[in-house]
Amino acid sequence: MLAIRIDDFGDPSVLKLQEVADPVAGPDQVLIEVDTSGVNFGDVLVRRGEYFGRTALPVIPGWEVVGKAEAADPDGAFEAGDRVVALLDGEGYAERVAAPLRDVVPVPDDVSDQVALAMVIQGATAWRLLEEMKPGQSVLISGAGSGVTHLTVQLARHLEAAEVVVISSGGEKTERVRELGADLVVESTGDDTLQAQLAEELDGRKFDLAIDMVGGETLQAMLRQLRPGGRAVIYGVAGGVPAKVNTGALLKNGLTVSGLWLGHSEGWSPREIVARLFDLVQSGKLSPTLGPTFPLAEAAGAHLAVEARTGVGKVALDCRNP
């Protein structure tokens, strides 16, 4: 079969379309004939050799696919030939994959491939970021261009957040999160001024929950906007610089800071969460931002689109069109 394989870490040019061996389904796995594969910023980090110790080569990137199941689910969730979406442990940029049965979800007929893919990593992340949010609480979110942020804003509104504020670097990203339901968007003029900007534009209001994917000074500024007893959840360090957290301030104000990574799958079910997200999509309560779909052979172009961080939307690869 054909797949995109990386033999050397580097820029997008290392993404090569190659003939590789077909996957073999192991215990508790099912083979999927892939129609479309999702592209995420984590794939960019894999390509660079910067993702959580994934330094073994060669590697086929990709963690989410939509396609046709080649066998039925023993528990009856889907039949052979049914259209499904799956969360993988890599190797998704390919014509066929072996997926864990527990992470394979049937896709409703009226949900497109790109929308289905947006519900896997981005959607499940947004859902889990808000798992402990209660109605009436306020939320401060960084990363206006992030697909996760776009879904988090909508889910927070659905879960009856009192206020949703997003930090943006400006441009079309600001308008997009406003359209999706943000009460206020703070356009940052730089890390060194963000704390003062937040203090001024929020006029003393404090937040129950801060959700950060930037790190560095952005997270530090957000922590200062939490009320006593507030929480911060970190799911990325897109700014490239991890934040230094003042433990004294955490103690004084009773703050909680935690990290979220979908790779820690214990205690949650992708099948259950994605199915709930599909219900919200079908009822019109959730609408992901969608970007371009590239032929599989043009994975380099897909990476450039994601790497630009312009809020391009969910990027995908057409694996039926190598």
# chains A, B, ... in the order shown; residues from 1 in each chain; ligands from 1

$ residues_around --residues "Arg276 in chain A" --least-positions-apart "6" --cutoff "12 Å" --atoms "only C-alpha atoms" --output "PDB file with N, CA and C atoms, in the first residue's frame"
ATOM      1  N   VAL A 105     -15.310   4.551  15.891  1.00  0.00           N
ATOM      2  CA  VAL A 105     -16.666   5.067  16.096  1.00  0.00           C
ATOM      3  C   VAL A 105     -17.402   5.122  14.756  1.00  0.00           C
ATOM      4  N   PRO A 106     -18.620   4.587  14.662  1.00  0.00           N
ATOM      5  CA  PRO A 106     -19.388   4.729  13.425  1.00  0.00           C
ATOM      6  C   PRO A 106     -19.722   6.193  13.150  1.00  0.00           C
ATOM      7  N   VAL A 107     -19.678   6.574  11.873  1.00  0.00           N
ATOM      8  CA  VAL A 107     -19.922   7.965  11.482  1.00  0.00           C
ATOM      9  C   VAL A 107     -21.319   8.087  10.873  1.00  0.00           C
ATOM     10  N   PRO A 108     -22.139   9.008  11.357  1.00  0.00           N
ATOM     11  CA  PRO A 108     -23.461   9.220  10.753  1.00  0.00           C
ATOM     12  C   PRO A 108     -23.332   9.616   9.277  1.00  0.00           C
ATOM     13  N   ALA A 116     -16.043  14.716  10.799  1.00  0.00           N
ATOM     14  CA  ALA A 116     -15.800  13.544  11.638  1.00  0.00           C
ATOM     15  C   ALA A 116     -14.387  13.570  12.202  1.00  0.00           C
ATOM     16  N   MET A 119     -13.790  15.869  15.118  1.00  0.00           N
ATOM     17  CA  MET A 119     -14.337  15.453  16.402  1.00  0.00           C
ATOM     18  C   MET A 119     -13.406  14.513  17.161  1.00  0.00           C
ATOM     19  N   VAL A 120     -12.352  14.018  16.528  1.00  0.00           N
ATOM     20  CA  VAL A 120     -11.507  13.006  17.170  1.00  0.00           C
ATOM     21  C   VAL A 120     -10.513  13.671  18.127  1.00  0.00           C
ATOM     22  N   GLY A 123     -11.974  17.572  18.878  1.00  0.00           N
ATOM     23  CA  GLY A 123     -13.231  17.520  19.608  1.00  0.00           C
ATOM     24  C   GLY A 123     -13.107  16.849  20.965  1.00  0.00           C
ATOM     25  N   ALA A 124     -12.430  15.706  21.006  1.00  0.00           N
ATOM     26  CA  ALA A 124     -12.268  15.003  22.284  1.00  0.00           C
ATOM     27  C   ALA A 124     -11.443  15.827  23.257  1.00  0.00           C
ATOM     28  N   TRP A 127     -13.735  18.542  24.634  1.00  0.00           N
ATOM     29  CA  TRP A 127     -14.675  17.928  25.587  1.00  0.00           C
ATOM     30  C   TRP A 127     -14.004  17.692  26.936  1.00  0.00           C
ATOM     31  N   LEU A 155     -18.583  24.527  22.978  1.00  0.00           N
ATOM     32  CA  LEU A 155     -18.988  23.607  24.035  1.00  0.00           C
ATOM     33  C   LEU A 155     -19.203  24.346  25.355  1.00  0.00           C
ATOM     34  N   SER A 269     -13.512   7.287  27.280  1.00  0.00           N
ATOM     35  CA  SER A 269     -13.804   6.471  26.117  1.00  0.00           C
ATOM     36  C   SER A 269     -13.943   7.344  24.879  1.00  0.00           C
ATOM     37  N   PRO A 270     -12.993   7.259  23.938  1.00  0.00           N
ATOM     38  CA  PRO A 270     -13.138   8.013  22.687  1.00  0.00           C
ATOM     39  C   PRO A 270     -14.459   7.705  21.987  1.00  0.00           C
ATOM     40  N   GLN A 282     -24.978  17.118  14.696  1.00  0.00           N
ATOM     41  CA  GLN A 282     -26.230  16.877  13.970  1.00  0.00           C
ATOM     42  C   GLN A 282     -27.359  17.789  14.431  1.00  0.00           C
ATOM     43  N   SER A 283     -27.295  18.231  15.688  1.00  0.00           N
ATOM     44  CA  SER A 283     -28.331  19.141  16.201  1.00  0.00           C
ATOM     45  C   SER A 283     -28.005  20.606  15.931  1.00  0.00           C
ATOM     46  N   LYS A 285     -25.478  22.355  17.143  1.00  0.00           N
ATOM     47  CA  LYS A 285     -24.892  23.049  18.288  1.00  0.00           C
ATOM     48  C   LYS A 285     -23.367  23.100  18.244  1.00  0.00           C
ATOM     49  N   LEU A 286     -22.760  22.411  17.280  1.00  0.00           N
ATOM     50  CA  LEU A 286     -21.305  22.345  17.199  1.00  0.00           C
ATOM     51  C   LEU A 286     -20.896  22.356  15.729  1.00  0.00           C
TER      52      LEU A 286
END

$ select_by_dssp --residues "range 119-260 of chain A" --states "helix (DSSP H, G or I)" --output "VMD selection string"
chain A and resid 121 to 129 147 to 158 172 to 179 191 to 202 216 to 223 247 to 253

$ closest_atom_pairs --of "range 60-169 of chain A" --to "range 205-208 of chain A" --cutoff "9 Å" --atoms "only C-alpha atoms" --output "tab-separated table"
residue	atom	partner	partner_atom	distance
A:Met133	CA	A:Asp208	CA	8.4
A:Gln137	CA	A:Asp208	CA	5.8
A:Ser138	CA	A:Phe207	CA	5.1
A:Val139	CA	A:Phe207	CA	5.9
A:Leu140	CA	A:Phe207	CA	6.6
A:Glu163	CA	A:Phe207	CA	8.6

$ write_last_selection --atoms "N, CA and C atoms" --output "compact mmCIF listing (two decimals), in the first residue's frame"
# COMPACT_ATOMS: atom_id res chain seq x y z
N MET A 133 -16.02 21.66 34.20
CA MET A 133 -16.64 22.98 34.24
C MET A 133 -18.10 22.86 34.63
N GLN A 137 -19.92 29.02 35.44
CA GLN A 137 -18.51 29.36 35.61
C GLN A 137 -18.00 30.13 34.39
N SER A 138 -16.89 30.84 34.59
CA SER A 138 -16.31 31.65 33.52
C SER A 138 -15.01 31.01 33.04
N VAL A 139 -14.72 31.18 31.74
CA VAL A 139 -13.59 30.48 31.11
C VAL A 139 -12.74 31.47 30.32
N LEU A 140 -11.43 31.38 30.51
CA LEU A 140 -10.45 32.18 29.77
C LEU A 140 -9.61 31.22 28.94
N GLU A 163 -19.28 33.26 31.16
CA GLU A 163 -18.53 34.14 30.27
C GLU A 163 -17.40 33.34 29.63

$ atom_distance --atom1 "CA of Gly136 in chain A" --atom2 "CA of His158 in chain A"
11.3 Å

$ residues_around --residues "Cys319 in chain A" --least-positions-apart "2" --cutoff "10 Å" --atoms "only C-alpha atoms" --output "list of chain:residue names"
A:Leu2, A:Ala3, A:Glu33, A:Val34, A:Asp35, A:Thr36, A:Ser37, A:Val65, A:Val66, A:Gly67, A:Gly92, A:Tyr93, A:Ala94, A:Glu95, A:Arg96, A:Phe294, A:Pro295, A:Leu296, A:Ala297, A:Ala316, A:Leu317, A:Asn321, A:Pro322

$ residues_around --residues "range 234-238 of chain A" --least-positions-apart "3" --cutoff "9 Å" --atoms "only C-alpha atoms" --output "PDB file with N, CA and C atoms, in the first residue's frame"
ATOM      1  N   PHE A  41      -1.300  19.606  14.481  1.00  0.00           N
ATOM      2  CA  PHE A  41      -0.002  20.215  14.774  1.00  0.00           C
ATOM      3  C   PHE A  41       0.949  19.203  15.408  1.00  0.00           C
ATOM      4  N   THR A 125     -10.434  16.547  22.742  1.00  0.00           N
ATOM      5  CA  THR A 125      -9.641  17.429  23.617  1.00  0.00           C
ATOM      6  C   THR A 125     -10.522  18.516  24.205  1.00  0.00           C
ATOM      7  N   LEU A 129     -11.295  19.087  28.160  1.00  0.00           N
ATOM      8  CA  LEU A 129     -10.883  20.326  28.808  1.00  0.00           C
ATOM      9  C   LEU A 129     -12.003  20.904  29.665  1.00  0.00           C
ATOM     10  N   GLY A 143      -5.194  31.011  22.339  1.00  0.00           N
ATOM     11  CA  GLY A 143      -5.072  30.345  21.043  1.00  0.00           C
ATOM     12  C   GLY A 143      -6.299  30.467  20.172  1.00  0.00           C
ATOM     13  N   ALA A 210      -8.977  28.478  33.347  1.00  0.00           N
ATOM     14  CA  ALA A 210      -8.111  28.959  32.274  1.00  0.00           C
ATOM     15  C   ALA A 210      -7.659  27.755  31.453  1.00  0.00           C
ATOM     16  N   ILE A 211      -7.759  27.864  30.136  1.00  0.00           N
ATOM     17  CA  ILE A 211      -7.364  26.783  29.232  1.00  0.00           C
ATOM     18  C   ILE A 211      -6.276  27.318  28.317  1.00  0.00           C
ATOM     19  N   ASP A 212      -5.091  26.721  28.405  1.00  0.00           N
ATOM     20  CA  ASP A 212      -3.938  27.278  27.677  1.00  0.00           C
ATOM     21  C   ASP A 212      -3.262  26.252  26.788  1.00  0.00           C
ATOM     22  N   MET A 213      -2.906  26.697  25.566  1.00  0.00           N
ATOM     23  CA  MET A 213      -2.128  25.865  24.653  1.00  0.00           C
ATOM     24  C   MET A 213      -0.883  26.596  24.155  1.00  0.00           C
ATOM     25  N   VAL A 214      -0.563  27.743  24.782  1.00  0.00           N
ATOM     26  CA  VAL A 214       0.566  28.569  24.332  1.00  0.00           C
ATOM     27  C   VAL A 214       1.774  28.410  25.233  1.00  0.00           C
ATOM     28  N   GLY A 215       1.571  28.497  26.564  1.00  0.00           N
ATOM     29  CA  GLY A 215       2.682  28.403  27.506  1.00  0.00           C
ATOM     30  C   GLY A 215       3.342  29.746  27.743  1.00  0.00           C
ATOM     31  N   GLY A 216       4.547  29.710  28.316  1.00  0.00           N
ATOM     32  CA  GLY A 216       5.337  30.923  28.521  1.00  0.00           C
ATOM     33  C   GLY A 216       4.599  31.993  29.306  1.00  0.00           C
ATOM     34  N   LEU A 219       0.569  31.810  29.708  1.00  0.00           N
ATOM     35  CA  LEU A 219       0.007  31.059  30.827  1.00  0.00           C
ATOM     36  C   LEU A 219       0.175  31.823  32.136  1.00  0.00           C
ATOM     37  N   VAL A 241       7.844  27.843  24.578  1.00  0.00           N
ATOM     38  CA  VAL A 241       8.522  28.084  25.857  1.00  0.00           C
ATOM     39  C   VAL A 241       7.593  27.671  27.003  1.00  0.00           C
ATOM     40  N   PRO A 242       7.918  26.607  27.731  1.00  0.00           N
ATOM     41  CA  PRO A 242       7.084  26.220  28.878  1.00  0.00           C
ATOM     42  C   PRO A 242       7.064  27.330  29.925  1.00  0.00           C
ATOM     43  N   ALA A 243       5.942  27.465  30.618  1.00  0.00           N
ATOM     44  CA  ALA A 243       5.818  28.489  31.652  1.00  0.00           C
ATOM     45  C   ALA A 243       6.503  28.048  32.939  1.00  0.00           C
ATOM     46  N   VAL A 257      -3.253  23.499  38.753  1.00  0.00           N
ATOM     47  CA  VAL A 257      -2.755  23.491  37.378  1.00  0.00           C
ATOM     48  C   VAL A 257      -2.561  22.036  36.966  1.00  0.00           C
ATOM     49  N   SER A 258      -3.190  21.641  35.857  1.00  0.00           N
ATOM     50  CA  SER A 258      -3.062  20.261  35.399  1.00  0.00           C
ATOM     51  C   SER A 258      -2.798  20.244  33.892  1.00  0.00           C
ATOM     52  N   GLY A 259      -2.325  19.105  33.414  1.00  0.00           N
ATOM     53  CA  GLY A 259      -2.071  18.929  31.990  1.00  0.00           C
ATOM     54  C   GLY A 259      -3.031  17.907  31.401  1.00  0.00           C
ATOM     55  N   LEU A 260      -3.343  18.082  30.109  1.00  0.00           N
ATOM     56  CA  LEU A 260      -4.221  17.142  29.413  1.00  0.00           C
ATOM     57  C   LEU A 260      -3.537  16.662  28.152  1.00  0.00           C
ATOM     58  N   TRP A 261      -3.411  15.355  28.010  1.00  0.00           N
ATOM     59  CA  TRP A 261      -2.880  14.737  26.802  1.00  0.00           C
ATOM     60  C   TRP A 261      -3.736  13.517  26.503  1.00  0.00           C
TER      61      TRP A 261
END
